[in-house]
Each structure stands twice: as structure tokens, then as C-alpha cells.
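> Here's a structure for you.
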Amino acid sequence: MALSFTPAMEERIQKTLAAYPTKQAALLPVLWIAQEEWGYVSRDAMELVAHRLDVPPAFVLGVVTFYTMYNQEPRGRFHIQVCTNLSCSLRGAERILRHLEKRTMLRLGETTPDKMFTVSEVECLASCGTAPMMQVDERVARGFRSEYHENLTEERVDALLEAFRARTAG
């Protein structure tokens, strides 16, 4: 394995393990620690986590591939995740997705060449009353910051994209 946990990561893992009855029970938060550090959960990271928690690598792979919150490849600084569950679909989520693809010149799952944006389709983000909506995870120094944006229109999406670009200009 080419990766190793930093001392700061190991300290966080120790604190996390102390809060759970078994090592396996701590899998989700330990994967989150890995993703915060490296930006995504690579195969090497999965193997490292599996070894650290004494679980089979296939078990870790199953968890990572099940949950959309774990990125298996590098994402853009802004990971735009559009909910397409029933409420959002009924209120125009697919139109919003097509507009995002057009504005960013991406297909779902792709990242812009400048590593600024990644656009994904996700299941319910629990904001049915304010659909359509998207969650935007922004990679910041050694971590992520998430925002919800609701009641989306094409104009609102355009304004948000410009605001995200402006954050990197300063």
C-alpha cells in the first residue's frame, strides 16, 4: 500500500474508534476521515482502512460503492449533486441537471478540466418541500464544506456557478 495515515488522521481514527463498540462499526466515519484527507476514497485507501479496522477489503468496497457520499475518484473543487428523487423530479430536477451539464460542458460524473466542477445525480437529499435542490460540497483545505441550494431555477443555478467561480478568484 502506497498510502498511510498521517499522525493527525490516526489521532482522529483513535478518537472515532473509542466511540464505537467494534472497529467495523466505525467504518463510515473512518472512510470519511480518509476522504477528507485525500479528497476521495481510492482503492489503496479502501485497503488501508480495511487493514486498520480488521475487516475484509471487499466489505469496505461494498460500503464505498453503496453510499454516494464516498467519492471513488477525484472530484472538482465544487461537487454539485442534484437530487432527482420523486419530489425534485416533479419540480424540474432533470431540467436543472441538463442546464448544469450545458453550463459546465460536462456529462454526469465528469469533472471540468480545470478541476473546478463535478456534476452528479443523487437520490433524496431530504428537501422535498423546497424541490428542486442540490447539495454542493466544496473541497477546502483538508476537508469539505457542504451547502444546500433549494427552489432551483436555471437563473439561480447560473448565479450559483458564478458565485462558486468568484470564490476561487479571491
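Within each chain, counting starts at residue 1; across the C-alpha cells, chains are named A, B, ... in the order shown, with ligands numbered 1 upward in that order.
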Do a neighbour search on A:Gly62 at 12 Å with only C-alpha atoms, toss out local chain neighbours closer than 6 positions, and write the hits as a list of chain:residue names.
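Surrounding residues, per the criterion: A:Leu27, A:Leu28, A:Arg43, A:Met46, A:Ala50, A:Val55, A:Pro56, A:Thr68, A:Tyr70, A:Gln72.
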> If you take only C-alpha atoms and a cut-off of 9 Å, which residues of stretch 85-117 of chain A touch stretch 131-153 of chain A, and what are their nearest atom pairs and distances in Å to one decimal, in chain and number order, as a Markdown table?

| residue | atom | partner | partner_atom | distance |
| --- | --- | --- | --- | --- |
| A:Ser87 | CA | A:Ala131 | CA | 6.3 |
| A:Cys88 | CA | A:Pro132 | CA | 4.3 |
| A:Ser89 | CA | A:Pro132 | CA | 7.2 |
| A:Leu90 | CA | A:Pro132 | CA | 8.3 |
| A:Arg91 | CA | A:Pro132 | CA | 5.8 |
| A:Gly92 | CA | A:Pro132 | CA | 6.2 |
| A:Ala93 | CA | A:Pro132 | CA | 5.3 |
| A:Arg95 | CA | A:Thr153 | CA | 9.0 |
| A:Ile96 | CA | A:Thr153 | CA | 7.0 |
> Save the residues we just selected, N, CA and C atoms, as a PDB file, in the first residue's frame?

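As a result, out_36.pdb now contains:
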ATOM      1  N   SER A  87     -39.943  14.031  -5.649  1.00  0.00           N
ATOM      2  CA  SER A  87     -40.356  15.434  -5.483  1.00  0.00           C
ATOM      3  C   SER A  87     -39.532  16.370  -6.348  1.00  0.00           C
ATOM      4  N   CYS A  88     -38.234  16.166  -6.369  1.00  0.00           N
ATOM      5  CA  CYS A  88     -37.376  17.031  -7.186  1.00  0.00           C
ATOM      6  C   CYS A  88     -37.654  16.819  -8.678  1.00  0.00           C
ATOM      7  N   SER A  89     -37.867  15.572  -9.085  1.00  0.00           N
ATOM      8  CA  SER A  89     -38.168  15.292 -10.489  1.00  0.00           C
ATOM      9  C   SER A  89     -39.454  15.972 -10.923  1.00  0.00           C
ATOM     10  N   LEU A  90     -40.465  15.895 -10.080  1.00  0.00           N
ATOM     11  CA  LEU A  90     -41.743  16.511 -10.418  1.00  0.00           C
ATOM     12  C   LEU A  90     -41.635  18.032 -10.544  1.00  0.00           C
ATOM     13  N   ARG A  91     -40.647  18.618  -9.902  1.00  0.00           N
ATOM     14  CA  ARG A  91     -40.496  20.076  -9.922  1.00  0.00           C
ATOM     15  C   ARG A  91     -39.330  20.537 -10.800  1.00  0.00           C
ATOM     16  N   GLY A  92     -38.827  19.638 -11.673  1.00  0.00           N
ATOM     17  CA  GLY A  92     -37.874  20.083 -12.691  1.00  0.00           C
ATOM     18  C   GLY A  92     -36.420  19.721 -12.497  1.00  0.00           C
ATOM     19  N   ALA A  93     -36.114  18.722 -11.696  1.00  0.00           N
ATOM     20  CA  ALA A  93     -34.714  18.368 -11.453  1.00  0.00           C
ATOM     21  C   ALA A  93     -33.969  17.987 -12.734  1.00  0.00           C
ATOM     22  N   ARG A  95     -34.476  19.056 -15.735  1.00  0.00           N
ATOM     23  CA  ARG A  95     -34.202  20.300 -16.464  1.00  0.00           C
ATOM     24  C   ARG A  95     -32.983  21.002 -15.856  1.00  0.00           C
ATOM     25  N   ILE A  96     -32.932  21.024 -14.529  1.00  0.00           N
ATOM     26  CA  ILE A  96     -31.786  21.634 -13.836  1.00  0.00           C
ATOM     27  C   ILE A  96     -30.499  20.879 -14.164  1.00  0.00           C
TER      28      ILE A  96
END
> Pick out the residues sitting within 8 Å of stretch 14-18 of chain A, and hand them over as number ranges by chain; count only C-alpha atoms, and ignore anything fewer than 4 positions along from it in its own chain.
A: 10, 22-23, 26, 29-30
> Write the residues of the selection above to a file with C-alpha atoms, as a PDB file, in the first residue's frame.

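Output saved as out_31.pdb:
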ATOM      1  CA  GLU A  10      -4.514   8.397  13.217  1.00  0.00           C
ATOM      2  CA  THR A  22     -16.337  -2.546  17.383  1.00  0.00           C
ATOM      3  CA  LYS A  23     -13.828  -1.487  14.760  1.00  0.00           C
ATOM      4  CA  ALA A  26     -16.508   2.790  12.897  1.00  0.00           C
ATOM      5  CA  PRO A  29     -16.591   7.750   9.919  1.00  0.00           C
ATOM      6  CA  VAL A  30     -13.110   6.348   9.212  1.00  0.00           C
TER       7      VAL A  30
END
> Would you mind listing what lies within 7 Å of A:Thr118 as a PyMOL selection string, with only C-alpha atoms counted and same-chain residues fewer than 5 positions away left out?
chain A and resi 75-76+78-80+109-112
> For the residues in that selection, give me C-alpha atoms as a PDB file, in the first residue's frame.

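Here's the written file selection-v2.pdb:
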ATOM      1  CA  ARG A  75     -13.866  15.395  -7.787  1.00  0.00           C
ATOM      2  CA  GLY A  76     -13.795  19.047  -8.671  1.00  0.00           C
ATOM      3  CA  PHE A  78     -17.233  22.035  -6.182  1.00  0.00           C
ATOM      4  CA  HIS A  79     -19.103  18.735  -6.321  1.00  0.00           C
ATOM      5  CA  ILE A  80     -22.621  19.627  -7.435  1.00  0.00           C
ATOM      6  CA  GLY A 109     -19.984  12.213 -13.186  1.00  0.00           C
ATOM      7  CA  GLU A 110     -17.418  14.185 -15.145  1.00  0.00           C
ATOM      8  CA  THR A 111     -15.095  16.873 -13.824  1.00  0.00           C
ATOM      9  CA  THR A 112     -14.134  20.045 -15.657  1.00  0.00           C
TER      10      THR A 112
END
> Mind the document's chain letters and residue numbers, and return as an MDAnalysis selection string the residues of chain A that DSSP labels alpha helix (DSSP H).
chainID A and resid 7:18 27:38 43:53 57:66 86:90 93:104 154:169
> Hey, can you check how far atom CA of A:Glu154 sits from atom CA of A:Gly39?
28.6 Å
